[in-house]
Structure formats: structure tokens, C-alpha cells
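Structure record follows, encoded as C-alpha cells.
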Amino acid sequence: MGNMKHFSKFSPAKAEITRLLGAARVRTDNVSLMLNSFDYSPCKSMPDAVLDIPNADILPEVIKILNKFNVPFVPRSAGTNHDGCVIALKGGVILNLTALNKIILIDSAKEYAVVEPAVVNQVLQNAVEPFDFFYAPDPASMAFSTLGGNASLNAGGAKTLKYGSTAANIIAAEIITPQGDLIKLSKNDAGPDIMSLIVRSEGTLGIIVKLWLKLTPKAKSLKTVLAYFKTIDDTMRAVRDIIAVGILPSALEAMDKTTMEATQTPYPGGMEALLICEFDGQKNNTASEAAKSAEICKKNNAFKIETASDEDERGALWAKRKSAAASFAKTAPNLISLDCALPREILPDTIIKIREIFKKYGVRAGMVFHAGDGNVHPNIAYDETNLYESDLVKKAVKEIHVLSVRAGGSISAEHGIGVEKRAAMSLMYDENALNIMRKIKNALDPKYLSNPDKVLPLAGANFVLSDDSRRYAQDLIERVKKNFRLARRATITGLNGKLKAKANDKNVISLSSLNQILDIDKINYTVTAQAGISLKNLAAQLAMHKMYLPIQAEHGSAGGVFASKTFDCFADYVSGLDFILPDGSFISIGGKYVKNSAGYDIIRLLHGSMGAYALITALTIRTSALPAPKMKRNAFKIFAPSPIGKVLKRSFDEKNLFNAFIFGDNDEFDRRA
């Protein structure tokens with residue numbers, strides 16, 4: 001790139017930023033710009049400057065100056081993501097946050113840690129280990145990826161099946177808005193879960209400067225079983241049967257033969273897949289779980305079963321698994337690591353089809369997968385300087401994304417979208433869903449400065465929601481559309497057990513008639529039910545299938561309990577949602593997969609929104625083979641809207657038609673917004 005001159009968006013702001021940070025922390029030399037022009041993806045783009053941020057306290061003022069001069073900014077620390085999330089696609093500045101790497105607090109009594117965003121995942125793991133705790137999200141990149149990056153992409157890992165991905169393990173966060181305001185948000189705040197929306201937005205809606213993370217007591221008992229299979233089908237049947245008997249392993253991981261060869265892991269002849277089953281617990285029941293799971297594997301044609309004999313052997317095995325992508329990367333100059341999330345029952349067929357795509361385009365590739373949660377990682381090695389090979393890889397990647405979406409899956413389970421998967425978002429979401437995401441971006445970042453041109457596709461949707469999927473709610477859709485035309489307000493209720501709206505009020509929209517179960521899936525352990533079904537009725541019908549809700553069967557409807565945030569953890573188990581916007585737009589997002597990091601987390605945002613943003617019509621809920629433990633429930637209380645909540649209300653409901661009493665009359669709403 002030499003000494004070529006180019007227009008710099010940063011130039012107008014340079015003098016003020018330099019006075020604030022000091023000249024040494026404002027880098028515009030070619031080496032600094034080039035080193036910050038790429039990440040672990042094929043994407044490359046030069047920033048105009050790199051700003052070294054010495055501490056979180058100074059960052060709000062930096063953002064305000066950049067706003068003043070309309071300079072785009074991209075937060076960055078380790079830069080290890082796979083999808084071009086931290087490159088300056090529109091020029092502007094890179095905010096180098098690597099100095100924000102302090103563990104501020106470890107509270108073993110209350111079981112949480114407070115960290116800055118550039119703390120490496122493994123560093124936190126090492127710090128809490130002497131206290132007999134661990135931090136559950138354990139991506140394969142944990143030795144070098146940061147907790148802020150993990151949070152913004154909703155990183156998962158081997159333990160996601162039992163302990164949840166990053167979003168389920170964040171308690172609270174301090175965030176700097178795109179305008180430079182420092183705010184603290186909590187998942188447990190009354191009202192909609194705005195924290196999860198912003199934290200998980202890949203830096204497009206705000207910058208994380210502090211995280212409160214849940215810690216988990218270290219297991220007193222641990223067992224690891226290895227099962228070797230001749231087919232992927234047999235592997236996945238074993239996974240299904242293990243979960244069906246009520247065993248919840250801490251990990252169910254698989255590697256194919258090609259990946260094992262890349263990691264130089266010995267394997268017996270005839271093997272096509274290795275299944276790693278790990279069991280942990282506070283009681284000494286892991287031995288029986290391991291033995292029962294080994295028997296299940298044998299019944300599903302595992303031809304060899306081994307048990308890790310000691311901690312060193314177990315550690316070496318996991319080191320091989322976590323180095324799979326890096327090992328495969330050594331076979332060629334470049335690597336693309338995809339991360340599709342799929343319903344478990346179609347994973348074997350989809351893997352076969354992915355292999356056919358590899359063969360069709362002649363690409364070098366292997367696969368690892370979190371078998372328990374349906375997350376498959378096709379790793380493709382190639383040489384980007386070979387234009388012919390690069391073109392074949394691009395075609396293969398596109399076909400894999402199309403295949404995943406058509407199979408009812410997600411294009412991203414834990415890597416995020418960034419630039420690389422941005423176009424594929426139009427395969428997964430229809431125009432209504434993409435439009436509400438765009439409105440959210442415009443509402444929180446109207447100047448489009450915070451990590452711009454990421455996540456959302458530039459073109460319209462290729463995906464079209466079928467009429468069948470919305471037919472059950474068609475009467476409601478038409479009623480909402482009519483209200484919108486007439487600017488008529490409506491009170492949204494479930495079974496009306498808590499809100500106590502007047503039954504004879506013509507403006508009450510009750511979901512009580514939407515009381516059917518749409519699907520019970522014993523293989524994926526999910527249920528899709530209309531929002532008006534009573535939880536007690538839903539729980540009773542699930543019990544006949546030996547399936548159980550993740551929360552207690554409360555009085556009230558499934559949609560009402562979700563919308564009122566009766567249980568803080570409910571959103572951790574809701575993987576799909578149908579809802580109607582106040583203008584009558586019908587949106588269906590999510591599916592039967594465990595993990596999803598594709599686009600803005602609207603599901604969590606609507607958790608606790610009390611019908612003020614959207615009218616929820618159906619939920620897909622992950623269930624269990626065992627009854628849920630007792631858990632704390634929240635008292636019903638109408639939330640007081642926060643400033644950001646008011647801005648978001650405007651993006652969802654510009655006329656304040658849904659549950660307007662929360663946000664006040666029209667004049668007051670206009671002033672607040």
C-alpha cells in the first residue's frame with residue numbers, strides 16, 4: 001500500500017483527539033494501519049487511524065469527538081473473529097482496546113466476576129480456578145480470544161449444551177453508546193432485555209467496557225468417554241438417545257476423520273467420526289452417567305469405547321479438539337471456518353450434503369461439530385492468491401449457507417455475521433425481519449458511525465415467509481393492520497391474569513384464543529406453542545412425552561410469562577419467536593437450534609417487553625428430559641421505560657399503539673422519544 005495518499009475521514013478530528021489522547025496514542029503510520037486492516041477472515045480494509053485507548057474512562061470523550069466530526073469507529077482487541085467484524089470497512093478509526101484487560105473483581109460468594117473487555121477468556125479461567133469456579137463459555141479460541149469479543153458474537157463452545165452460550169452467562173454490562181454516553185444495563189432490569197441486544201450486536205449498537213459474568217462452581221466429579229463410529233448417522237443417533245434418557249453431558253463433541261488426520265490424532269481403522277462425551281457434576285454420579293452413555297453408544301454401533309484414564313490424557317484430547325481449526329489451517333495459507341446451527345435430527349443428512357459440496361468444488365475441508373447442540377464447523381483450507389480456488393471456495397460457502405437455511409438452521413451459531421455473512425442474512429430473514437433490525441440500528445446509531453456496514457445486508461431479502469407459517473395468526477394480523485390505519489391503541493394481554501384489562505374493552509387484544517401446540521419434537525427436545533396457551537396445559541401435554549419445561553408451570557400463558565419476564569432465565573431457552581409489529585408486519589425468527597448469533601437478538605429484547613414493542617404469537621422453547629429445579633420468580637410490575645427503551649419503542653411502534661399506558665399519552669410519548 002506504500003505511501004499512496006487517500007482521503008482520510010479522521011483528518012478533521014485528529015487535532016482534538018491528539019490533544020485528548022496524546023500523539024503517541026494516535027497512530028497513522030502504514031505499519032499500524034496495515035496490522036489493523038484484517039482479522040481471521042478473508043476481509044481486509046485500511047482504517048484512517050488507530051487510536052490506543054488507555055482506559056475506559058477516556059473512551060466516552062473520544063466517541064463524542066468522533067461523533068462531532070462524523071468519523072466511523074470500530075472497537076477491536078484481539079481481532080480473532082472469523083467474519084470481518086473488526087475491520088474498518090468505511091475507513092475512520094480503529095479503537096484499540098487491548099489495554100482494557102483487567103479482571104476487576106472475583107466474587108466467589110456471589111458467584112460472579114467483573115472484567116474489562118480485552119481480558120482473554122483463558123486468563124479468566126485461570127484466575128477463578130483457585131476459587132473452585134470456572135466460566136462456562138469455552139470457545140475453541142479461548143486461549144487468545146477476549147471476553148468482550150466473545151460477548152459481542154455470543155460465542156459458545158463445548159459446554160454450551162449444559163451451561164449455555166455467552167449470552168446466558170452475562171449478568172450485566174457497562175456500555176458506551178454510539179453517541180458517547182456511558183450506561184450500565186442488566187439482563188435482570190425490569191422491562192425489555194436491552195443489555196443483550198446491545199452487547200450481542202458486534203459493536204454496531206455500542207461498545208462494551210465492562211462485563212459482569214456468571215461463574216459456575218467447579219465440578220467435583222468428571223468423566224470423559226470416547227466413542228468411535230463408522231458413520232455420522234450412528235453418532236447422531238447416540239447423541240439423541242443420550243439426551244433422551246435425561247443425561248445432560250457437559251460436552252458432546254465430534255470430529256470427522258479428515259479433522260483427526262489434520263490434528264494428528266490416532267484413530268482406529270474404519271472410523272468416520274469420534275464422539276467425545278464428557279460428564280461433570282457436584283455429586284459422584286458421573287461414573288454411572290458415563291457408563292450408561294457408553295452402553296447407548298454401543299447400541300448405536302460404536303465399535304470402540306475408551307475412557308480418558310487421567311487428567312493429562314483428558315487435557316491432551318481437548319487440546320487436539322480445540323486446535324482442530326488451527327491444525328487444518330496449516331494445510332494451506334488461508335482458512336474459512338463456518339459455523340452453521342442445525343436441528344439435531346437433520347445434522348447427519350446435512351453433513352453428508354456438505355461433504356458433497358466439498359467434493360463438487362474440490363475444496364480441502366474437514367468438520368468438527370458440537371454434536372449435542374447441532375453446531376457444525378466446516379473448515380475450508382485454501383490459497384486466496386489462487387483466484388480460481390478462491391472462487392470455488394466462495395461458491396461452496398454460499399451453497400452451505402443456503403443448505404443450512406433450507407434445513408431450518410442458522411448461518412451462524414457462535415461466530416457472528418460481520419462482513420463475511422452479511423449477504424447471507426438475506427437468505428435467513430425476510431424483509432420484515434431485516435427492516436426491524438435496520439430500524440433498531442437507525443434508532444440507536446442514527447449517524448451510522450459504530451462499526452458501520454456490519455451484520456445487516458445491503459440488499460433486500462431473498463427469503464420469503466410462507467403464508468402457511470402465519471395463517472394461524474391471520475385474523476390478528478388483519479386486526480392490527482386496521483388499528484394501525486386508524487391510529488387506534490390496543491391493550492395486549494395473554495390470559496389477562498396480571499394486567500387485569502377490562503374484558504369488554506374493544507381495544508383489548510387477547511391472545512387467549514391462540515392456545516394450541518404447533519409442534520412437539522422429541523428428537524430436538526423442543527416445543528412450539530402459541531403464545532396464549534396456559535403454561536399448566538403446556539406442561540401437562542409435554543409430560544405425556546416425558547418432556548419438561550425449563551421453568552415452573554405458572555398461572556398464565558407462555559407468551560405472558562415470557563413478555564412479563566416472570567423468570568429471568570426464560571429467554572435462555574426460547575430459540576424461536578413469532579410476533580406481530582404494531583403496523584401489522586408478521587415476523588418469524590429463530591428455530592429449533594440451540595445457538596444462534598445471526599443478527600440482532602430480538603428474542604431477548606422482547607423478553608420483558610410486556611407487549612409494548614410487539615404482539616408475541618408463538619414461541620419455540622427448548623425442553624428437558626427432567627423437571628426444572630425451583631427458581632426465583634419476579635413479581636409482576638409495569639416497568640418504567642429507560643431512555644434507550646423509549647428510543648427503541650419509537651422504532652417498533654412509532655404511533656405508540658401497543659400498551660401505550662407504559663409510555664404515556666401521545667404528547668408525552670413524543671416528548672420522551
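Each chain in the C-alpha cells gets a letter, A, B, ..., in the order shown, and its residues are numbered from 1; ligands are numbered from 1 in order too.
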
Please identify which residues in stretch 91-279 of chain A DSSP calls helix (DSSP H, G or I) from the backbone, and express them as a count of residues only. 51

Which polymer residues have any atom within 8 Å of an atom of stretch 59-75 of chain A, counting only C-alpha atoms, with same-chain residues fewer than 5 positions away left out, as a PyMOL selection string? chain A and resi 9-10+12-13+16-17+20+53+86-88+90-97+176+178-182+203+207+447-452

Contacts of stretch 627-632 of chain A within 12 Å, only C-alpha atoms, excl. fewer than 2 positions in-chain, as a PyMOL selection string: chain A and resi 188+246+539-540+542-543+546-554+565-570+573+622-625+634-635

Generate the output file for the selected residues, C-alpha atoms, as a PDB file, in the first residue's frame.
```
ATOM      1  CA  ASN A 188     -32.438  -8.569  35.050  1.00  0.00           C
ATOM      2  CA  GLY A 246     -32.268 -37.431  30.852  1.00  0.00           C
ATOM      3  CA  ALA A 539     -46.592 -28.668  30.829  1.00  0.00           C
ATOM      4  CA  ALA A 540     -49.251 -31.377  31.162  1.00  0.00           C
ATOM      5  CA  LEU A 542     -45.340 -32.267  27.427  1.00  0.00           C
ATOM      6  CA  ALA A 543     -45.269 -34.587  30.439  1.00  0.00           C
ATOM      7  CA  LYS A 546     -41.642 -37.203  29.179  1.00  0.00           C
ATOM      8  CA  MET A 547     -40.571 -33.706  28.233  1.00  0.00           C
ATOM      9  CA  TYR A 548     -40.463 -30.814  30.690  1.00  0.00           C
ATOM     10  CA  LEU A 549     -40.457 -27.038  30.530  1.00  0.00           C
ATOM     11  CA  PRO A 550     -37.257 -25.263  31.666  1.00  0.00           C
ATOM     12  CA  ILE A 551     -39.330 -23.128  34.077  1.00  0.00           C
ATOM     13  CA  GLN A 552     -42.116 -23.863  36.545  1.00  0.00           C
ATOM     14  CA  ALA A 553     -45.649 -24.158  35.152  1.00  0.00           C
ATOM     15  CA  GLU A 554     -47.020 -20.829  36.382  1.00  0.00           C
ATOM     16  CA  LYS A 565     -40.120 -11.667  32.448  1.00  0.00           C
ATOM     17  CA  THR A 566     -41.539 -13.735  35.288  1.00  0.00           C
ATOM     18  CA  PHE A 567     -38.345 -15.799  35.182  1.00  0.00           C
ATOM     19  CA  ASP A 568     -35.073 -14.087  34.288  1.00  0.00           C
ATOM     20  CA  CYS A 569     -33.734 -17.238  32.608  1.00  0.00           C
ATOM     21  CA  PHE A 570     -36.728 -17.948  30.319  1.00  0.00           C
ATOM     22  CA  TYR A 573     -34.477 -21.445  26.439  1.00  0.00           C
ATOM     23  CA  ARG A 622     -36.117 -25.914  24.404  1.00  0.00           C
ATOM     24  CA  THR A 623     -37.307 -28.528  26.885  1.00  0.00           C
ATOM     25  CA  SER A 624     -35.615 -31.095  29.126  1.00  0.00           C
ATOM     26  CA  ALA A 625     -35.891 -34.773  29.921  1.00  0.00           C
ATOM     27  CA  ASN A 634     -40.180 -11.947  39.585  1.00  0.00           C
ATOM     28  CA  ALA A 635     -43.229 -10.079  40.855  1.00  0.00           C
TER      29      ALA A 635
END
```

If DSSP is run on the backbone, what residues of stretch 260-455 of chain A are strand (DSSP E)? A reply as an NGL selection string would be ideal. :A and (273-281 or 304-307 or 334-337 or 340-341 or 364-370 or 375-382)

Return the single residue from A:Asp39, A:Asp241, A:Asp189, A:Asp132 that is closest to A:Gly372, with distances computed using only C-alpha atoms.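 Of all the options, A:Asp241 lies closest to A:Gly372.
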
Fewer than 3 positions away in the same chain doesn't count, so skip those; otherwise give me all residues within 10 Å of A:Pro54, counting only C-alpha atoms, as a list in words. Leu21, Arg25, Leu51, Asp57, Ile58, Leu59, Asn96, Leu97, Thr98, Ala99 and Leu100 of chain A

Write out the residues from the selection above, keeping C-alpha atoms, as a PDB file, in the first residue's frame.
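What follows is the written file out_29.pdb:
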```pdb
ATOM      1  CA  LEU A  21      -5.009  11.016  23.926  1.00  0.00           C
ATOM      2  CA  ARG A  25      -1.646   7.025  21.042  1.00  0.00           C
ATOM      3  CA  LEU A  51      -6.379   5.052  18.492  1.00  0.00           C
ATOM      4  CA  ASP A  57     -12.802   6.484  31.431  1.00  0.00           C
ATOM      5  CA  ILE A  58     -11.453   8.382  28.445  1.00  0.00           C
ATOM      6  CA  LEU A  59     -13.454   6.483  25.818  1.00  0.00           C
ATOM      7  CA  ASN A  96      -7.600  -0.367  20.095  1.00  0.00           C
ATOM      8  CA  LEU A  97      -8.994  -1.639  23.410  1.00  0.00           C
ATOM      9  CA  THR A  98      -6.195  -4.080  24.298  1.00  0.00           C
ATOM     10  CA  ALA A  99      -5.244  -2.002  27.374  1.00  0.00           C
ATOM     11  CA  LEU A 100      -8.714  -2.665  28.848  1.00  0.00           C
TER      12      LEU A 100
END
```

Skip A:Asp572 itself and residues of its chain fewer than 2 positions away, then list as JSON, numbers by chain all residues within 12 Å of it, counting only C-alpha atoms. {"A": [160, 161, 162, 163, 164, 165, 166, 167, 168, 169, 170, 187, 193, 196, 550, 551, 562, 565, 567, 568, 569, 570, 574, 575, 576, 594, 595, 596, 601, 603, 604, 605, 607, 620, 621, 622, 623]}

Hey, can you spit out that residue selection with N, CA and C atoms as a CSV table (one decimal), in the first residue's frame?
```csv
chain,number,residue,atom,x,y,z
A,160,THR,N,-21.7,-25.5,25.9
A,160,THR,CA,-22.9,-24.7,25.7
A,160,THR,C,-24.2,-25.6,25.9
A,161,LEU,N,-24.1,-26.9,25.6
A,161,LEU,CA,-25.3,-27.7,25.7
A,161,LEU,C,-25.8,-27.7,27.2
A,162,LYS,N,-24.9,-27.7,28.1
A,162,LYS,CA,-25.3,-27.8,29.5
A,162,LYS,C,-25.4,-26.4,30.2
A,163,TYR,N,-24.4,-25.5,29.8
A,163,TYR,CA,-24.3,-24.3,30.6
A,163,TYR,C,-24.7,-23.0,29.8
A,164,GLY,N,-25.0,-23.2,28.5
A,164,GLY,CA,-25.4,-22.0,27.7
A,164,GLY,C,-24.3,-21.3,27.1
A,165,SER,N,-24.6,-20.5,26.0
A,165,SER,CA,-23.5,-19.7,25.4
A,165,SER,C,-23.3,-18.5,26.2
A,166,THR,N,-22.5,-17.6,25.6
A,166,THR,CA,-22.1,-16.4,26.4
A,166,THR,C,-23.3,-15.5,26.8
A,167,ALA,N,-24.3,-15.4,26.0
A,167,ALA,CA,-25.5,-14.5,26.3
A,167,ALA,C,-26.1,-15.0,27.6
A,168,ALA,N,-26.1,-16.3,27.9
A,168,ALA,CA,-26.7,-16.9,29.1
A,168,ALA,C,-25.9,-16.7,30.3
A,169,ASN,N,-24.6,-16.3,30.1
A,169,ASN,CA,-23.7,-16.1,31.3
A,169,ASN,C,-23.3,-14.7,31.6
A,170,ILE,N,-23.9,-13.7,30.9
A,170,ILE,CA,-23.7,-12.3,31.2
A,170,ILE,C,-24.8,-11.8,32.1
A,187,LYS,N,-29.3,-7.8,32.5
A,187,LYS,CA,-30.2,-8.7,31.9
A,187,LYS,C,-31.5,-8.8,32.8
A,193,ASP,N,-35.0,-6.7,27.6
A,193,ASP,CA,-33.6,-7.0,27.8
A,193,ASP,C,-32.8,-6.3,26.8
A,196,SER,N,-28.8,-7.4,26.4
A,196,SER,CA,-28.4,-8.5,25.5
A,196,SER,C,-28.5,-8.0,24.0
A,550,PRO,N,-38.4,-25.7,30.9
A,550,PRO,CA,-37.3,-25.3,31.7
A,550,PRO,C,-37.6,-24.4,32.9
A,551,ILE,N,-38.9,-24.0,33.0
A,551,ILE,CA,-39.3,-23.1,34.1
A,551,ILE,C,-40.5,-23.8,34.7
A,562,PHE,N,-43.4,-15.0,29.3
A,562,PHE,CA,-42.2,-14.5,28.6
A,562,PHE,C,-42.2,-13.0,28.6
A,565,LYS,N,-41.4,-11.3,31.8
A,565,LYS,CA,-40.1,-11.7,32.4
A,565,LYS,C,-40.3,-12.2,33.9
A,567,PHE,N,-39.6,-15.1,34.9
A,567,PHE,CA,-38.3,-15.8,35.2
A,567,PHE,C,-37.2,-15.2,34.3
A,568,ASP,N,-36.2,-14.7,35.0
A,568,ASP,CA,-35.1,-14.1,34.3
A,568,ASP,C,-34.4,-15.0,33.2
A,569,CYS,N,-34.5,-16.3,33.5
A,569,CYS,CA,-33.7,-17.2,32.6
A,569,CYS,C,-34.6,-17.7,31.4
A,570,PHE,N,-35.9,-17.4,31.3
A,570,PHE,CA,-36.7,-17.9,30.3
A,570,PHE,C,-36.2,-17.7,28.9
A,574,VAL,N,-35.7,-20.0,24.9
A,574,VAL,CA,-36.6,-19.7,23.8
A,574,VAL,C,-35.7,-19.4,22.6
A,575,SER,N,-35.8,-20.3,21.6
A,575,SER,CA,-35.0,-20.3,20.4
A,575,SER,C,-35.7,-19.8,19.2
A,576,GLY,N,-37.0,-19.6,19.3
A,576,GLY,CA,-37.8,-19.1,18.1
A,576,GLY,C,-39.0,-18.3,18.6
A,594,VAL,N,-30.0,-24.7,19.1
A,594,VAL,CA,-29.7,-24.3,20.4
A,594,VAL,C,-29.0,-23.0,20.4
A,595,LYS,N,-28.2,-22.7,19.4
A,595,LYS,CA,-27.3,-21.5,19.4
A,595,LYS,C,-27.7,-20.7,18.1
A,596,ASN,N,-27.6,-19.4,18.3
A,596,ASN,CA,-27.8,-18.5,17.1
A,596,ASN,C,-27.1,-17.2,17.4
A,601,ASP,N,-30.4,-9.7,18.5
A,601,ASP,CA,-31.1,-10.6,19.4
A,601,ASP,C,-32.5,-10.1,19.8
A,603,ILE,N,-35.2,-11.7,20.1
A,603,ILE,CA,-35.9,-12.6,21.1
A,603,ILE,C,-35.6,-12.1,22.5
A,604,ARG,N,-34.4,-11.9,22.9
A,604,ARG,CA,-34.1,-11.4,24.2
A,604,ARG,C,-34.6,-10.0,24.4
A,605,LEU,N,-34.6,-9.2,23.4
A,605,LEU,CA,-35.1,-7.8,23.6
A,605,LEU,C,-36.6,-7.9,24.0
A,607,HIS,N,-38.1,-10.2,25.6
A,607,HIS,CA,-38.3,-10.8,26.9
A,607,HIS,C,-38.4,-9.7,27.9
A,620,THR,N,-40.9,-21.0,20.3
A,620,THR,CA,-40.3,-22.3,20.3
A,620,THR,C,-39.4,-22.4,21.5
A,621,ILE,N,-39.6,-23.4,22.4
A,621,ILE,CA,-38.9,-23.5,23.7
A,621,ILE,C,-38.2,-24.8,23.7
A,622,ARG,N,-36.9,-24.7,24.2
A,622,ARG,CA,-36.1,-25.9,24.4
A,622,ARG,C,-36.6,-26.5,25.7
A,623,THR,N,-36.8,-27.8,25.7
A,623,THR,CA,-37.3,-28.5,26.9
A,623,THR,C,-36.2,-29.5,27.4
```
